[in-house]
Every structure is written in C-alpha cells, then in structure tokens.
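S.K.: File name upload_36.tsv; file contents TSV, N, CA and C atoms and all ligand atoms; full text below.
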```
chain	number	residue	atom	x	y	z
A	1	MET	N	-30.38	-12.26	-4.77
A	1	MET	CA	-30.58	-11.44	-5.95
A	1	MET	C	-29.26	-11.17	-6.66
A	2	ALA	N	-29.37	-10.85	-7.91
A	2	ALA	CA	-28.16	-10.59	-8.69
A	2	ALA	C	-27.48	-9.30	-8.26
A	3	GLU	N	-26.19	-9.39	-8.16
A	3	GLU	CA	-25.43	-8.19	-7.81
A	3	GLU	C	-24.67	-7.65	-9.00
A	4	ARG	N	-24.93	-8.23	-10.13
A	4	ARG	CA	-24.13	-7.89	-11.30
A	4	ARG	C	-24.32	-6.44	-11.76
A	5	SER	N	-25.40	-5.80	-11.33
A	5	SER	CA	-25.60	-4.43	-11.76
A	5	SER	C	-24.74	-3.46	-10.94
A	6	GLN	N	-24.17	-3.97	-9.85
A	6	GLN	CA	-23.35	-3.08	-9.04
A	6	GLN	C	-22.13	-2.58	-9.81
A	7	GLY	N	-21.99	-1.27	-9.88
A	7	GLY	CA	-20.84	-0.70	-10.57
A	7	GLY	C	-21.02	-0.61	-12.07
A	8	ALA	N	-22.00	-1.26	-12.61
A	8	ALA	CA	-22.22	-1.18	-14.04
A	8	ALA	C	-22.72	0.21	-14.41
A	9	ALA	N	-21.96	0.86	-15.27
A	9	ALA	CA	-22.27	2.25	-15.56
A	9	ALA	C	-23.19	2.40	-16.76
A	10	LEU	N	-23.29	1.35	-17.54
A	10	LEU	CA	-24.00	1.47	-18.80
A	10	LEU	C	-25.30	0.69	-18.83
A	11	SER	N	-26.27	1.27	-19.47
A	11	SER	CA	-27.52	0.56	-19.71
A	11	SER	C	-27.26	-0.49	-20.78
A	12	PRO	N	-28.11	-1.50	-20.84
A	12	PRO	CA	-27.92	-2.53	-21.89
A	12	PRO	C	-27.86	-1.93	-23.29
A	13	ALA	N	-28.66	-0.87	-23.53
A	13	ALA	CA	-28.64	-0.23	-24.85
A	13	ALA	C	-27.27	0.39	-25.12
A	14	ASP	N	-26.72	1.07	-24.11
A	14	ASP	CA	-25.40	1.67	-24.28
A	14	ASP	C	-24.32	0.61	-24.45
A	15	GLN	N	-24.49	-0.49	-23.73
A	15	GLN	CA	-23.52	-1.59	-23.87
A	15	GLN	C	-23.50	-2.11	-25.29
A	16	ALA	N	-24.69	-2.22	-25.89
A	16	ALA	CA	-24.78	-2.70	-27.27
A	16	ALA	C	-24.10	-1.72	-28.21
A	17	ILE	N	-24.29	-0.43	-27.97
A	17	ILE	CA	-23.65	0.60	-28.79
A	17	ILE	C	-22.13	0.50	-28.66
A	18	MET	N	-21.66	0.35	-27.41
A	18	MET	CA	-20.23	0.28	-27.18
A	18	MET	C	-19.61	-0.95	-27.82
A	19	ARG	N	-20.37	-2.05	-27.80
A	19	ARG	CA	-19.87	-3.27	-28.44
A	19	ARG	C	-19.62	-3.03	-29.93
A	20	ASP	N	-20.58	-2.33	-30.56
A	20	ASP	CA	-20.42	-2.00	-31.98
A	20	ASP	C	-19.23	-1.07	-32.20
A	21	LEU	N	-19.12	-0.05	-31.35
A	21	LEU	CA	-18.03	0.92	-31.51
A	21	LEU	C	-16.67	0.26	-31.31
A	22	LEU	N	-16.59	-0.60	-30.29
A	22	LEU	CA	-15.33	-1.31	-30.03
A	22	LEU	C	-14.97	-2.21	-31.20
A	23	GLY	N	-15.98	-2.89	-31.74
A	23	GLY	CA	-15.76	-3.77	-32.88
A	23	GLY	C	-15.28	-3.01	-34.09
A	24	ALA	N	-15.89	-1.84	-34.35
A	24	ALA	CA	-15.51	-1.02	-35.49
A	24	ALA	C	-14.10	-0.47	-35.31
A	25	ASP	N	-13.81	-0.02	-34.09
A	25	ASP	CA	-12.48	0.51	-33.80
A	25	ASP	C	-11.43	-0.59	-33.96
A	26	ARG	N	-11.80	-1.79	-33.53
A	26	ARG	CA	-10.89	-2.93	-33.63
A	26	ARG	C	-10.55	-3.25	-35.09
A	27	GLU	N	-11.61	-3.23	-35.93
A	27	GLU	CA	-11.40	-3.49	-37.37
A	27	GLU	C	-10.45	-2.47	-37.97
A	28	ARG	N	-10.71	-1.20	-37.65
A	28	ARG	CA	-9.85	-0.13	-38.18
A	28	ARG	C	-8.41	-0.31	-37.71
A	29	THR	N	-8.27	-0.66	-36.43
A	29	THR	CA	-6.93	-0.81	-35.86
A	29	THR	C	-6.20	-2.00	-36.47
A	30	LEU	N	-6.94	-3.08	-36.71
A	30	LEU	CA	-6.33	-4.25	-37.35
A	30	LEU	C	-5.84	-3.91	-38.76
A	31	GLU	N	-6.65	-3.12	-39.49
A	31	GLU	CA	-6.25	-2.70	-40.83
A	31	GLU	C	-5.00	-1.84	-40.77
A	32	ARG	N	-4.97	-1.00	-39.73
A	32	ARG	CA	-3.83	-0.10	-39.54
A	32	ARG	C	-2.56	-0.91	-39.24
A	33	VAL	N	-2.70	-1.91	-38.40
A	33	VAL	CA	-1.55	-2.76	-38.08
A	33	VAL	C	-1.06	-3.46	-39.35
A	34	ALA	N	-2.00	-3.96	-40.15
A	34	ALA	CA	-1.63	-4.67	-41.38
A	34	ALA	C	-0.92	-3.72	-42.34
A	35	SER	N	-1.45	-2.51	-42.47
A	35	SER	CA	-0.86	-1.57	-43.41
A	35	SER	C	0.51	-1.09	-42.93
A	36	LEU	N	0.64	-0.86	-41.63
A	36	LEU	CA	1.94	-0.46	-41.09
A	36	LEU	C	2.97	-1.58	-41.20
A	37	THR	N	2.48	-2.81	-41.05
A	37	THR	CA	3.38	-3.96	-41.18
A	37	THR	C	3.90	-4.05	-42.62
A	38	ARG	N	3.01	-3.75	-43.59
A	38	ARG	CA	3.45	-3.73	-44.99
A	38	ARG	C	4.48	-2.63	-45.21
A	39	ASP	N	4.23	-1.44	-44.64
A	39	ASP	CA	5.19	-0.34	-44.75
A	39	ASP	C	6.54	-0.77	-44.17
A	40	TRP	N	6.46	-1.38	-43.01
A	40	TRP	CA	7.66	-1.83	-42.31
A	40	TRP	C	8.47	-2.79	-43.17
A	41	ASP	N	7.75	-3.78	-43.74
A	41	ASP	CA	8.41	-4.77	-44.61
A	41	ASP	C	9.06	-4.09	-45.81
A	42	ALA	N	8.34	-3.12	-46.40
A	42	ALA	CA	8.86	-2.42	-47.57
A	42	ALA	C	10.13	-1.66	-47.21
A	43	ILE	N	10.12	-1.03	-46.05
A	43	ILE	CA	11.30	-0.26	-45.62
A	43	ILE	C	12.48	-1.20	-45.38
A	44	VAL	N	12.20	-2.31	-44.70
A	44	VAL	CA	13.27	-3.26	-44.41
A	44	VAL	C	13.85	-3.83	-45.70
A	45	GLN	N	12.94	-4.13	-46.65
A	45	GLN	CA	13.40	-4.67	-47.93
A	45	GLN	C	14.24	-3.68	-48.71
A	46	SER	N	13.77	-2.43	-48.78
A	46	SER	CA	14.54	-1.44	-49.53
A	46	SER	C	15.85	-1.15	-48.82
A	47	ALA	N	15.84	-1.22	-47.48
A	47	ALA	CA	17.08	-1.01	-46.74
A	47	ALA	C	18.07	-2.13	-47.04
A	48	ALA	N	17.54	-3.36	-47.18
A	48	ALA	CA	18.40	-4.50	-47.48
A	48	ALA	C	19.01	-4.35	-48.87
A	49	LEU	N	18.24	-3.78	-49.80
A	49	LEU	CA	18.73	-3.60	-51.16
A	49	LEU	C	19.87	-2.59	-51.23
A	50	VAL	N	19.79	-1.56	-50.41
A	50	VAL	CA	20.83	-0.53	-50.48
A	50	VAL	C	21.94	-0.75	-49.45
A	51	ALA	N	21.77	-1.78	-48.63
A	51	ALA	CA	22.70	-1.98	-47.52
A	51	ALA	C	24.15	-2.08	-47.99
A	52	THR	N	24.37	-2.72	-49.15
A	52	THR	CA	25.74	-2.89	-49.63
A	52	THR	C	26.37	-1.56	-50.02
A	53	ASP	N	25.50	-0.60	-50.34
A	53	ASP	CA	26.00	0.68	-50.81
A	53	ASP	C	25.72	1.77	-49.77
A	54	ASP	N	25.72	1.37	-48.54
A	54	ASP	CA	25.24	2.23	-47.46
A	54	ASP	C	25.95	3.57	-47.37
A	55	GLU	N	27.26	3.55	-47.45
A	55	GLU	CA	27.98	4.81	-47.22
A	55	GLU	C	27.79	5.82	-48.34
A	56	HIS	N	27.33	5.32	-49.51
A	56	HIS	CA	27.08	6.25	-50.61
A	56	HIS	C	25.61	6.62	-50.70
A	57	ASP	N	24.84	6.07	-49.79
A	57	ASP	CA	23.40	6.30	-49.86
A	57	ASP	C	22.99	7.45	-48.97
A	58	PRO	N	22.59	8.57	-49.58
A	58	PRO	CA	22.21	9.73	-48.78
A	58	PRO	C	20.92	9.48	-47.99
A	59	GLU	N	20.17	8.43	-48.37
A	59	GLU	CA	18.91	8.17	-47.69
A	59	GLU	C	19.04	7.18	-46.55
A	60	GLY	N	20.27	6.75	-46.30
A	60	GLY	CA	20.49	5.77	-45.25
A	60	GLY	C	19.90	6.18	-43.92
A	61	SER	N	20.16	7.42	-43.52
A	61	SER	CA	19.69	7.85	-42.20
A	61	SER	C	18.19	8.12	-42.20
A	62	SER	N	17.66	8.59	-43.35
A	62	SER	CA	16.22	8.84	-43.36
A	62	SER	C	15.44	7.53	-43.36
A	63	THR	N	16.07	6.47	-43.91
A	63	THR	CA	15.44	5.16	-43.83
A	63	THR	C	15.33	4.71	-42.38
A	64	ALA	N	16.41	4.93	-41.63
A	64	ALA	CA	16.40	4.57	-40.21
A	64	ALA	C	15.34	5.37	-39.47
A	65	PHE	N	15.23	6.64	-39.83
A	65	PHE	CA	14.24	7.49	-39.20
A	65	PHE	C	12.83	7.01	-39.52
A	66	GLU	N	12.62	6.69	-40.81
A	66	GLU	CA	11.32	6.23	-41.26
A	66	GLU	C	10.93	4.91	-40.58
A	67	ARG	N	11.94	4.07	-40.42
A	67	ARG	CA	11.71	2.79	-39.78
A	67	ARG	C	11.29	2.97	-38.31
A	68	ALA	N	11.99	3.87	-37.64
A	68	ALA	CA	11.67	4.16	-36.24
A	68	ALA	C	10.26	4.75	-36.12
A	69	HIS	N	9.92	5.59	-37.10
A	69	HIS	CA	8.60	6.22	-37.12
A	69	HIS	C	7.50	5.17	-37.29
A	70	VAL	N	7.67	4.31	-38.29
A	70	VAL	CA	6.68	3.26	-38.54
A	70	VAL	C	6.59	2.33	-37.32
A	71	GLN	N	7.77	2.03	-36.73
A	71	GLN	CA	7.78	1.17	-35.55
A	71	GLN	C	6.97	1.78	-34.41
A	72	SER	N	7.09	3.08	-34.22
A	72	SER	CA	6.37	3.69	-33.11
A	72	SER	C	4.87	3.74	-33.39
A	73	LEU	N	4.50	3.97	-34.67
A	73	LEU	CA	3.08	3.93	-35.04
A	73	LEU	C	2.51	2.53	-34.84
A	74	LEU	N	3.34	1.54	-35.19
A	74	LEU	CA	2.93	0.15	-35.06
A	74	LEU	C	2.74	-0.20	-33.57
A	75	ASP	N	3.66	0.26	-32.74
A	75	ASP	CA	3.55	0.04	-31.30
A	75	ASP	C	2.26	0.65	-30.75
A	76	GLN	N	2.00	1.88	-31.20
A	76	GLN	CA	0.77	2.56	-30.75
A	76	GLN	C	-0.47	1.79	-31.15
A	77	ALA	N	-0.50	1.35	-32.43
A	77	ALA	CA	-1.66	0.64	-32.94
A	77	ALA	C	-1.85	-0.68	-32.18
A	78	GLN	N	-0.74	-1.36	-31.88
A	78	GLN	CA	-0.86	-2.64	-31.19
A	78	GLN	C	-1.27	-2.45	-29.73
A	79	SER	N	-0.79	-1.38	-29.12
A	79	SER	CA	-1.20	-1.15	-27.74
A	79	SER	C	-2.67	-0.71	-27.69
A	80	HIS	N	-3.11	0.01	-28.74
A	80	HIS	CA	-4.52	0.38	-28.82
A	80	HIS	C	-5.39	-0.88	-28.98
A	81	LEU	N	-4.89	-1.79	-29.80
A	81	LEU	CA	-5.59	-3.06	-30.01
A	81	LEU	C	-5.73	-3.82	-28.68
A	82	ALA	N	-4.67	-3.83	-27.89
A	82	ALA	CA	-4.71	-4.49	-26.59
A	82	ALA	C	-5.73	-3.80	-25.68
A	83	ASP	N	-5.77	-2.46	-25.74
A	83	ASP	CA	-6.75	-1.72	-24.94
A	83	ASP	C	-8.18	-2.06	-25.35
A	84	LEU	N	-8.38	-2.21	-26.67
A	84	LEU	CA	-9.71	-2.55	-27.16
A	84	LEU	C	-10.12	-3.95	-26.70
A	85	ASP	N	-9.15	-4.87	-26.70
A	85	ASP	CA	-9.44	-6.23	-26.23
A	85	ASP	C	-9.81	-6.21	-24.75
A	86	THR	N	-9.06	-5.43	-23.98
A	86	THR	CA	-9.35	-5.29	-22.56
A	86	THR	C	-10.75	-4.71	-22.36
A	87	ALA	N	-11.06	-3.68	-23.14
A	87	ALA	CA	-12.38	-3.04	-23.04
A	87	ALA	C	-13.48	-4.05	-23.36
A	88	MET	N	-13.25	-4.87	-24.38
A	88	MET	CA	-14.24	-5.87	-24.76
A	88	MET	C	-14.42	-6.89	-23.64
A	89	GLU	N	-13.32	-7.29	-23.00
A	89	GLU	CA	-13.42	-8.23	-21.87
A	89	GLU	C	-14.19	-7.61	-20.72
A	90	ARG	N	-13.91	-6.33	-20.48
A	90	ARG	CA	-14.61	-5.64	-19.39
A	90	ARG	C	-16.09	-5.49	-19.70
A	91	LEU	N	-16.39	-5.30	-20.98
A	91	LEU	CA	-17.78	-5.21	-21.39
A	91	LEU	C	-18.49	-6.54	-21.11
A	92	ASN	N	-17.76	-7.63	-21.36
A	92	ASN	CA	-18.33	-8.96	-21.13
A	92	ASN	C	-18.50	-9.28	-19.65
A	93	ASP	N	-17.55	-8.82	-18.82
A	93	ASP	CA	-17.68	-9.17	-17.40
A	93	ASP	C	-18.37	-8.06	-16.58
A	94	GLY	N	-18.86	-7.04	-17.27
A	94	GLY	CA	-19.68	-6.05	-16.60
A	94	GLY	C	-18.93	-4.93	-15.89
A	95	THR	N	-17.61	-4.85	-16.10
A	95	THR	CA	-16.86	-3.78	-15.45
A	95	THR	C	-16.52	-2.65	-16.42
A	96	TYR	N	-16.97	-2.79	-17.65
A	96	TYR	CA	-16.71	-1.74	-18.63
A	96	TYR	C	-17.45	-0.45	-18.26
A	97	GLY	N	-16.78	0.68	-18.50
A	97	GLY	CA	-17.43	1.96	-18.22
A	97	GLY	C	-17.23	2.41	-16.78
A	98	VAL	N	-16.44	1.64	-16.01
A	98	VAL	CA	-16.11	2.04	-14.66
A	98	VAL	C	-14.65	2.47	-14.67
A	99	CYS	N	-14.39	3.65	-14.14
A	99	CYS	CA	-13.02	4.18	-14.13
A	99	CYS	C	-12.13	3.25	-13.32
A	100	GLU	N	-10.98	2.86	-13.91
A	100	GLU	CA	-10.13	1.90	-13.20
A	100	GLU	C	-9.30	2.58	-12.11
A	101	ARG	N	-9.36	3.90	-12.05
A	101	ARG	CA	-8.64	4.62	-10.99
A	101	ARG	C	-9.54	4.92	-9.79
A	102	CYS	N	-10.68	5.57	-10.06
A	102	CYS	CA	-11.51	6.02	-8.95
A	102	CYS	C	-12.76	5.17	-8.78
A	103	GLY	N	-13.04	4.27	-9.74
A	103	GLY	CA	-14.19	3.39	-9.61
A	103	GLY	C	-15.53	4.04	-9.90
A	104	ARG	N	-15.49	5.27	-10.34
A	104	ARG	CA	-16.74	5.94	-10.71
A	104	ARG	C	-17.06	5.67	-12.17
A	105	PRO	N	-18.33	5.82	-12.53
A	105	PRO	CA	-18.70	5.59	-13.94
A	105	PRO	C	-18.01	6.59	-14.86
A	106	VAL	N	-17.59	6.10	-16.02
A	106	VAL	CA	-17.03	6.97	-17.05
A	106	VAL	C	-18.21	7.45	-17.89
A	107	ALA	N	-18.25	8.74	-18.20
A	107	ALA	CA	-19.36	9.28	-18.99
A	107	ALA	C	-19.48	8.58	-20.33
A	108	VAL	N	-20.71	8.22	-20.67
A	108	VAL	CA	-20.95	7.52	-21.93
A	108	VAL	C	-20.46	8.34	-23.12
A	109	GLU	N	-20.60	9.67	-23.03
A	109	GLU	CA	-20.15	10.55	-24.11
A	109	GLU	C	-18.65	10.36	-24.35
A	110	ARG	N	-17.91	10.22	-23.25
A	110	ARG	CA	-16.46	10.01	-23.37
A	110	ARG	C	-16.18	8.65	-24.02
A	111	LEU	N	-16.91	7.64	-23.59
A	111	LEU	CA	-16.70	6.29	-24.11
A	111	LEU	C	-17.01	6.22	-25.61
A	112	LYS	N	-18.02	7.00	-26.02
A	112	LYS	CA	-18.38	6.95	-27.44
A	112	LYS	C	-17.29	7.56	-28.31
A	113	VAL	N	-16.56	8.52	-27.74
A	113	VAL	CA	-15.46	9.13	-28.47
A	113	VAL	C	-14.20	8.27	-28.37
A	114	ARG	N	-13.99	7.73	-27.17
A	114	ARG	CA	-12.81	6.88	-26.93
A	114	ARG	C	-13.25	5.57	-26.30
A	115	PRO	N	-13.68	4.62	-27.13
A	115	PRO	CA	-14.23	3.36	-26.60
A	115	PRO	C	-13.25	2.60	-25.72
A	116	ALA	N	-11.95	2.82	-25.92
A	116	ALA	CA	-10.96	2.06	-25.16
A	116	ALA	C	-10.54	2.79	-23.87
A	117	ALA	N	-11.16	3.93	-23.59
A	117	ALA	CA	-10.80	4.69	-22.39
A	117	ALA	C	-10.99	3.85	-21.13
A	118	LYS	N	-9.99	3.88	-20.24
A	118	LYS	CA	-10.07	3.09	-19.01
A	118	LYS	C	-10.38	3.95	-17.80
A	119	THR	N	-10.22	5.26	-17.99
A	119	THR	CA	-10.43	6.15	-16.86
A	119	THR	C	-11.44	7.24	-17.21
A	120	CYS	N	-12.03	7.81	-16.17
A	120	CYS	CA	-12.96	8.91	-16.39
A	120	CYS	C	-12.16	10.16	-16.76
A	121	ILE	N	-12.88	11.17	-17.24
A	121	ILE	CA	-12.21	12.37	-17.71
A	121	ILE	C	-11.44	13.07	-16.58
A	122	THR	N	-11.98	13.00	-15.37
A	122	THR	CA	-11.31	13.64	-14.23
A	122	THR	C	-9.94	12.99	-13.98
A	123	CYS	N	-9.92	11.66	-13.93
A	123	CYS	CA	-8.67	10.96	-13.70
A	123	CYS	C	-7.72	11.14	-14.89
A	124	ALA	N	-8.28	11.14	-16.11
A	124	ALA	CA	-7.44	11.28	-17.30
A	124	ALA	C	-6.75	12.63	-17.32
A	125	THR	N	-7.43	13.67	-16.90
A	125	THR	CA	-6.83	15.00	-16.94
A	125	THR	C	-5.93	15.24	-15.73
A	126	ALA	N	-6.18	14.50	-14.64
A	126	ALA	CA	-5.36	14.65	-13.43
A	126	ALA	C	-4.03	13.93	-13.58
A	127	ARG	N	-3.97	13.04	-14.57
A	127	ARG	CA	-2.78	12.21	-14.76
A	127	ARG	C	-1.58	13.05	-15.19
A	128	ARG	N	-0.45	12.81	-14.61
A	128	ARG	CA	0.76	13.55	-14.99
A	128	ARG	C	1.79	12.63	-15.57
A	201	ZN	ZN	-11.76	8.29	-12.39
```
Could the structure of this file be written out as structure tokens, please?
Ligand SMILES: [Zn+2]
M.R.:
Amino acid sequence: MAERSQGAALSPADQAIMRDLLGADRERTLERVASLTRDWDAIVQSAALVATDDEHDPEGSSTAFERAHVQSLLDQAQSHLADLDTAMERLNDGTYGVCERCGRPVAVERLKVRPAAKTCITCATARR
C-alpha cells in the first residue's frame, strides 16, 4: 500500500490552496525583486554620475546608505523566493506542511499566512 500519506499534514484541498498561495506569493516576490533591481541600478547610475564630484556631494553618504538598504531588501526578497521554491518542492514531494524541526504538522492557518514557513509555530517561537 502507498505510504505517501505518512507525515502529510495537508488534505488535497489544502494542498491546492497552498499551491495557489505559493504561486501568488512567488509572483509578488518576483515583482519585488525586479523593482528593487531597478532601484539598485538607478542608485548605482546616479552614484556613477556624481562620483567625480564625490567630495563636494553632500548626498554621497546617503547614497551609500540607500544602496545598502536596497541591497538588504533585495537579499530578503531573494531569500524569500528561495524559501518559496523550497516550499513548492516540498509540496510536490509531499513533505510540505511538516515542521522541519520537530516533524509535526504545521497548522494550516499558519501556512495560509506564511506559505513559505518551514517550522511550526512552537518551533518558530522557541527559536533564539
Ligand atoms: Zn516544530
């Protein structure tokens, strides 16, 4: 007999819902990456334009700050994208919705709010 249901926390209906949510989240995240990349390019370009006049440019340091800020947002968005891809793979191989720390099912309510969540709420809050 099939053992594939072992550990599967979600009903087929919930799996279908999660697939949609993951897909929607992925689209939003891709748009975010694209928009942040445009911001990044704009900052780099404007920095290149003022580079020759750097010491007279009062915005030199704020440009560096802005660049670091956009970079960190971009990192976050890309790591979220990777999490979504992992979640999608787990959905396909039947391990989605199982906490990767304790192996217990993650509450569907939590997954609907955070489709890329890898751990249950207990493990997530216990994390230091
Ligand atoms: Zn857990």
S.K.: Within 7 Å of ligand ZN 201 (chain A) (counting all atoms listed in the file), which residues show up? I'd like them as number ranges by chain.
M.R.: A: 98-105, 119-124
S.K.: Enclose all atoms of range 65-80 of chain A listed in the file in an axis-aligned box, grow every side by 8 Å, and hand back centre and edge lengths in Å to one decimal, as AutoDock Vina command-line options.
M.R.:
```
--center_x 4.9 --center_y 2.4 --center_z -34.5 --size_x 36.6 --size_y 26.1 --size_z 29.6
```
S.K.: For each of A:Ala64, A:Ala34, A:Leu84, A:Leu21, take the minimum atom-to-atom distance to Ala47 in chain A, counting all atoms listed in the file, then give the residue where this is smallest.
M.R.: A:Ala64
S.K.: As an exercise, work out the distance from CA of His80 in chain A to CA of Ser62 in chain A in Å and give it to one decimal place.
M.R.: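 Separating CA of His80 in chain A from CA of Ser62 in chain A is a distance of 26.7 Å.
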S.K.: Using all atoms listed in the file, which of A:Leu36, A:Val108, A:Lys118, A:Gln15 sits nearest Gln71 in chain A?
M.R.: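 Residue with the minimum atom-to-atom distance to Gln71 in chain A: A:Leu36.
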S.K.: Enter the distance from atom C of Ala116 in chain A to CA of Asp83 in chain A, in Å, rounded to one decimal.
M.R.: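 So the two atoms, atom C of Ala116 in chain A and CA of Asp83 in chain A, lie 6.0 Å apart.
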S.K.: Pick out each residue of chain A that DSSP on the backbone tags as alpha helix (DSSP H); I need them as a ChimeraX atom specification.
M.R.: /A:12-50,60-93,108-113,121-126
S.K.: Please report the interatomic distance between atom C of Gly94 in chain A and CA of Leu10 in chain A in Å with one decimal.
M.R.: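 These atoms are spaced 8.7 Å apart.
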S.K.: Pick the closest to Val33 in chain A from A:Val106, A:Leu74, A:Ala68, A:Met88: which is it, counting all atoms listed in the file?
M.R.: A:Leu74
S.K.: Would you please work out which residue, of A:Asp20, A:Ser46, A:Thr29, A:Asn92, is nearest to Ser79 in chain A when using only C-alpha atoms?
M.R.: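 Result for the nearest residue to Ser79 in chain A: A:Thr29.
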S.K.: From the set A:Leu81, A:Ile43, A:Arg67, A:Ser72, which residue has the shortest atom-to-atom contact distance to Leu30 in chain A, counting only N, CA and C atoms?
M.R.: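 For Leu30 in chain A, the nearest of the candidates is A:Leu81.
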S.K.: When you count only N, CA and C atoms, which of these residues is closest to Met18 in chain A: A:Ala126, A:Ala77, A:Val44, A:Leu91?
M.R.: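 Closest residue, counting only N, CA and C atoms: A:Leu91.
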